[in-house]
Amino acid sequence: MKNVSNKSATFFSVVDVISPYFKKYLPRLIGGFVALIAVDLFQLLIPRVIKWAIDDLKSGSASAEQLVLYGAYIVFLALAVGIMRFCWRYLILGFSRLLEMHLRNKIISHVLTLDKAFFLKKTTGDVMALMTNDVMSVQLACGMGLVAFVDAIIMTTAALAFMAYINPKLTLIAVAPMPVLAITTKILTAKLHFRFKKVQETFSRITEFARSSISTIRLVKAYNQESSQTLRFEKLGKEYVHDNLKLATIHGLLFPLSIFTANTSMLLVIYFGGKLAIKGTITTGDFVAFISYLFMLSWPMMAIGWVSNLFQRGITSLDRIKTLLLEKPLLTVSPQVKHPSGIKGFIKIKNLRFKYPFSDREILKGINLEIKPGVIGIVGKTGSGKTTLCNVLARIYPVNPGSIFLDGIDINELPIEFVRKAIAYVPQEPGIFSDTIASNIAVGKPDATQEEIEEAARNAAIHEEILKMPQGYETRVGEKGVKLSGGQKQRLAIARAFLINKPILIIDDALSAIDIETEQNIIRAITRHLKNKTCIIVSHRIAPLTLTNEIVVMDDGQIVARGTHETLLKENHFYATVYRHQLTFSCSEKGL
Ligand SMILES: Nc1ncnc2c1ncn2[C@@H]1O[C@H](COP(=O)(O)OP(=O)(O)OP(=O)(O)O)[C@@H](O)[C@H]1O
Ligand SMILES: [Mg+2]
């Protein structure tokens, strides 16, 4: 997701997104970090015990019992390290997973509060990327990142303190190569992240390619694109291998580099520390303990570079998440909100002008229309604004105050859910879920009985066809309804609207893939069953609309004519021409 504020994002500007969860799980986090500190301390004690054992051995004061006791100390410390390590992993990494879950829930619940206008500027892919990659980098920063950060600080401080306690000068000599390791790790991990991102991007392109090829398989076959699609897929596969090899090269550099630095320090310690031990400035036990501490230092040095990159990525991702969480729905309700008890279905449109959000083009140019309960038809050229009118009536996009009234109340003064609950809307593109036929019909009324579902299907003239399907109403329709014909999908969407039985029904060209006879049967069912209700039917075909009480003709965002079928035939040239064309076409189709 593109984000202009990325550059200025700092820890303080974004921390408020996650701080509530840190507060919520504070006891868990405290427990986790206490366990982590305990692990570090126990680990740091082990070289001390080794030193005591060696020094006792060297001085000849060690008894067999004493040595067994030292051994037992080490076993005990190792056991304690194991138990505490389990505790911090469970508590802190568990916290990072809980945080991930909360963030994801917060994003999805926020996106669901936004309206369609949000998706005019952001794609589903943007939101998906936020919910996967960005949430993941926050989880990494607040889990492993935080652990490595605290661990590195404790280990560095304690190991350096123990080393300095043994010999300050030797400590300085030993750590001289360490900053080189920290700096090169930082550079390499930055490259690593870049490469990793590329690998992820290529992977998501492969996934998207496979998904779209499979979901458009009919198209691929119709255009004989099988082999060219396979070739493109192979090319992507090669790119993926190439990116992975580059990633492996950097990975391969990191580990030897840390070993090399640790061994350079070791060389210095063996040379200078060995000399000190020979001279007797430090004991042999001190010398061995010093080497153990030195080994402990190389991990925190590597961790510093890695952690700072993890934190940077976490902050960038949090900033993107915060930007989305600050998005507000464009649809708002005026402060003078009204709560009528019900809706009778009187619609008044007064000089309605409308532009889509983020667009300057006026689509609806001063529409005036009064709709009473009954069936009204809308026809018009493609692009004349029919769908746009349905969308604003269904309260999907915001409209200016004083332009649409429902039972005399401005829709801006009615709660959004109230308006939507009053309207059953069948959009031009029927949305079908990958579920059973019955569940697809019962979307708006999940507790509907089988009888109610069948009644709705009968009215939408699809009941008989459903019964012929392998599992009847329990037949699964496949992704986006692939197992259904265009007309079946449309009638399923109409049955869905019939079932919820609202005072207003809007059908936007959702009968286009149905033959004229079935279409007329559906319209008859509408006129029969939706008595005293308001029904708006948009159709490209005029014939079925002849059954409606009134027809409105739209052109270029305006209403250019209205009346009964007979009056329009006489008075409107466009209407009469289209009707005659359609009549001739349907007669020739029937061979008349
Ligand atoms: N989201 C949008 N943003 C900007 N312009 C849009 C948007 N959706 C539609 N339009 C424009 O609004 C105009 C009216 O479109 P609309 O979908 O309302 O036409 P229509 O009468 O339903 O056409 P059809 O008969 O083809 O369904 C078109 O010119 C279209 O390009
Ligand atoms: Mg349309």
# chains A, B, ... in the order shown; residues from 1 in each chain; ligands from 1
>>> residues_near_ligand(ligand="ligand 1", cutoff="7 Å", atoms="only C-alpha atoms and all ligand atoms", output="PyMOL selection string")
chain A and resi 120+356-357+359+363+380-389+540
>>> select_by_dssp(residues="segment 414-548 of chain A", states="strand (DSSP E or B)", output="ChimeraX atom specification")
/A:423-426,436,476,504-508,534-538
>>> write_last_selection(atoms="C-alpha atoms", output="PDB file, in the first residue's frame")
ATOM      1  CA  ILE A 423     -33.792  -2.016   0.574  1.00  0.00           C
ATOM      2  CA  ALA A 424     -33.193  -5.341  -1.149  1.00  0.00           C
ATOM      3  CA  TYR A 425     -30.641  -4.616  -3.871  1.00  0.00           C
ATOM      4  CA  VAL A 426     -29.777  -6.977  -6.705  1.00  0.00           C
ATOM      5  CA  THR A 436     -24.422 -24.230  -1.365  1.00  0.00           C
ATOM      6  CA  ARG A 476     -22.159 -26.422  -3.947  1.00  0.00           C
ATOM      7  CA  ILE A 504     -37.991  -1.457  -1.504  1.00  0.00           C
ATOM      8  CA  LEU A 505     -36.538  -3.774  -4.142  1.00  0.00           C
ATOM      9  CA  ILE A 506     -33.948  -2.581  -6.670  1.00  0.00           C
ATOM     10  CA  ILE A 507     -33.005  -4.892  -9.527  1.00  0.00           C
ATOM     11  CA  ASP A 508     -30.188  -3.472 -11.623  1.00  0.00           C
ATOM     12  CA  THR A 534     -41.622  -0.178  -4.219  1.00  0.00           C
ATOM     13  CA  CYS A 535     -39.746  -1.988  -6.913  1.00  0.00           C
ATOM     14  CA  ILE A 536     -37.246  -0.388  -9.290  1.00  0.00           C
ATOM     15  CA  ILE A 537     -36.226  -2.538 -12.241  1.00  0.00           C
ATOM     16  CA  VAL A 538     -33.403  -1.461 -14.523  1.00  0.00           C
TER      17      VAL A 538
END
>>> atom_distance(atom1="atom CA of Gly273 of chain A", atom2="atom CA of Leu160 of chain A")
15.2 Å
>>> atom_distance(atom1="atom CA of Glu550 of chain A", atom2="atom CA of Thr567 of chain A")
9.9 Å
>>> atom_distance(atom1="atom CA of Ala53 of chain A", atom2="atom CA of Phe287 of chain A")
12.6 Å
>>> closest_residue(among="A:Leu499, A:Ile526, A:Ile378, A:Ile107", to="ligand 2", atoms="only C-alpha atoms and all ligand atoms")
A:Ile378
>>> select_by_dssp(residues="segment 366-427 of chain A", states="helix (DSSP H, G or I)", output="list in words")
Lys386, Thr387, Thr388, Leu389, Cys390, Asn391, Val392, Leu393, Ile411, Asn412, Glu413, Ile416, Glu417, Phe418, Val419, Arg420, Lys421 and Ala422 of chain A
>>> write_last_selection(atoms="N, CA and C atoms", output="mmCIF file, in the first residue's frame")
data_model
loop_
_atom_site.group_PDB
_atom_site.id
_atom_site.type_symbol
_atom_site.label_atom_id
_atom_site.label_comp_id
_atom_site.auth_asym_id
_atom_site.auth_seq_id
_atom_site.Cartn_x
_atom_site.Cartn_y
_atom_site.Cartn_z
ATOM 1 N N LYS A 386 -27.661 4.530 -14.942
ATOM 2 C CA LYS A 386 -28.696 3.741 -14.260
ATOM 3 C C LYS A 386 -28.146 3.077 -12.999
ATOM 4 N N THR A 387 -26.977 2.405 -13.146
ATOM 5 C CA THR A 387 -26.369 1.737 -11.987
ATOM 6 C C THR A 387 -25.991 2.764 -10.926
ATOM 7 N N THR A 388 -25.477 3.907 -11.384
ATOM 8 C CA THR A 388 -25.085 4.951 -10.445
ATOM 9 C C THR A 388 -26.296 5.383 -9.621
ATOM 10 N N LEU A 389 -27.439 5.555 -10.286
ATOM 11 C CA LEU A 389 -28.654 5.959 -9.572
ATOM 12 C C LEU A 389 -29.044 4.897 -8.531
ATOM 13 N N CYS A 390 -28.964 3.610 -8.943
ATOM 14 C CA CYS A 390 -29.299 2.529 -7.997
ATOM 15 C C CYS A 390 -28.337 2.568 -6.814
ATOM 16 N N ASN A 391 -27.046 2.772 -7.092
ATOM 17 C CA ASN A 391 -26.036 2.794 -6.017
ATOM 18 C C ASN A 391 -26.306 3.891 -4.993
ATOM 19 N N VAL A 392 -26.649 5.069 -5.480
ATOM 20 C CA VAL A 392 -26.875 6.153 -4.504
ATOM 21 C C VAL A 392 -28.181 5.936 -3.742
ATOM 22 N N LEU A 393 -29.173 5.324 -4.420
ATOM 23 C CA LEU A 393 -30.421 5.028 -3.711
ATOM 24 C C LEU A 393 -30.177 4.003 -2.604
ATOM 25 N N ILE A 411 -32.306 11.135 3.174
ATOM 26 C CA ILE A 411 -31.612 9.887 3.567
ATOM 27 C C ILE A 411 -30.337 10.158 4.359
ATOM 28 N N ASN A 412 -29.831 11.391 4.266
ATOM 29 C CA ASN A 412 -28.649 11.729 5.078
ATOM 30 C C ASN A 412 -29.010 11.836 6.556
ATOM 31 N N GLU A 413 -30.311 11.920 6.840
ATOM 32 C CA GLU A 413 -30.735 12.026 8.245
ATOM 33 C C GLU A 413 -31.228 10.683 8.788
ATOM 34 N N ILE A 416 -27.512 4.775 8.342
ATOM 35 C CA ILE A 416 -27.164 4.050 7.111
ATOM 36 C C ILE A 416 -27.756 2.632 7.120
ATOM 37 N N GLU A 417 -27.642 1.945 8.276
ATOM 38 C CA GLU A 417 -28.145 0.558 8.340
ATOM 39 C C GLU A 417 -29.662 0.544 8.156
ATOM 40 N N PHE A 418 -30.327 1.592 8.637
ATOM 41 C CA PHE A 418 -31.785 1.665 8.525
ATOM 42 C C PHE A 418 -32.179 1.699 7.041
ATOM 43 N N VAL A 419 -31.465 2.536 6.259
ATOM 44 C CA VAL A 419 -31.773 2.641 4.826
ATOM 45 C C VAL A 419 -31.494 1.301 4.154
ATOM 46 N N ARG A 420 -30.327 0.725 4.489
ATOM 47 C CA ARG A 420 -29.960 -0.529 3.820
ATOM 48 C C ARG A 420 -30.934 -1.651 4.197
ATOM 49 N N LYS A 421 -31.428 -1.602 5.451
ATOM 50 C CA LYS A 421 -32.367 -2.658 5.880
ATOM 51 C C LYS A 421 -33.704 -2.527 5.170
ATOM 52 N N ALA A 422 -33.976 -1.328 4.641
ATOM 53 C CA ALA A 422 -35.258 -1.108 3.967
ATOM 54 C C ALA A 422 -35.190 -1.525 2.500
#
>>> closest_atom_pairs(of="segment 17-71 of chain A", to="segment 289-310 of chain A", cutoff="12 Å", atoms="only C-alpha atoms", output="JSON lines")
{"residue": "A:Asp40", "atom": "CA", "partner": "A:Met296", "partner_atom": "CA", "distance": 9.9}
{"residue": "A:Leu41", "atom": "CA", "partner": "A:Met296", "partner_atom": "CA", "distance": 11.8}
{"residue": "A:Gln43", "atom": "CA", "partner": "A:Met296", "partner_atom": "CA", "distance": 8.9}
{"residue": "A:Leu44", "atom": "CA", "partner": "A:Tyr293", "partner_atom": "CA", "distance": 7.5}
{"residue": "A:Leu45", "atom": "CA", "partner": "A:Ala289", "partner_atom": "CA", "distance": 9.8}
{"residue": "A:Ile46", "atom": "CA", "partner": "A:Ala289", "partner_atom": "CA", "distance": 8.7}
{"residue": "A:Pro47", "atom": "CA", "partner": "A:Ala289", "partner_atom": "CA", "distance": 4.8}
{"residue": "A:Arg48", "atom": "CA", "partner": "A:Ala289", "partner_atom": "CA", "distance": 6.3}
{"residue": "A:Val49", "atom": "CA", "partner": "A:Ala289", "partner_atom": "CA", "distance": 8.7}
{"residue": "A:Ile50", "atom": "CA", "partner": "A:Ala289", "partner_atom": "CA", "distance": 6.8}
{"residue": "A:Lys51", "atom": "CA", "partner": "A:Ala289", "partner_atom": "CA", "distance": 5.6}
{"residue": "A:Trp52", "atom": "CA", "partner": "A:Ala289", "partner_atom": "CA", "distance": 9.3}
{"residue": "A:Ala53", "atom": "CA", "partner": "A:Ala289", "partner_atom": "CA", "distance": 10.7}
{"residue": "A:Ile54", "atom": "CA", "partner": "A:Ala289", "partner_atom": "CA", "distance": 9.6}
{"residue": "A:Asp55", "atom": "CA", "partner": "A:Ala289", "partner_atom": "CA", "distance": 10.7}
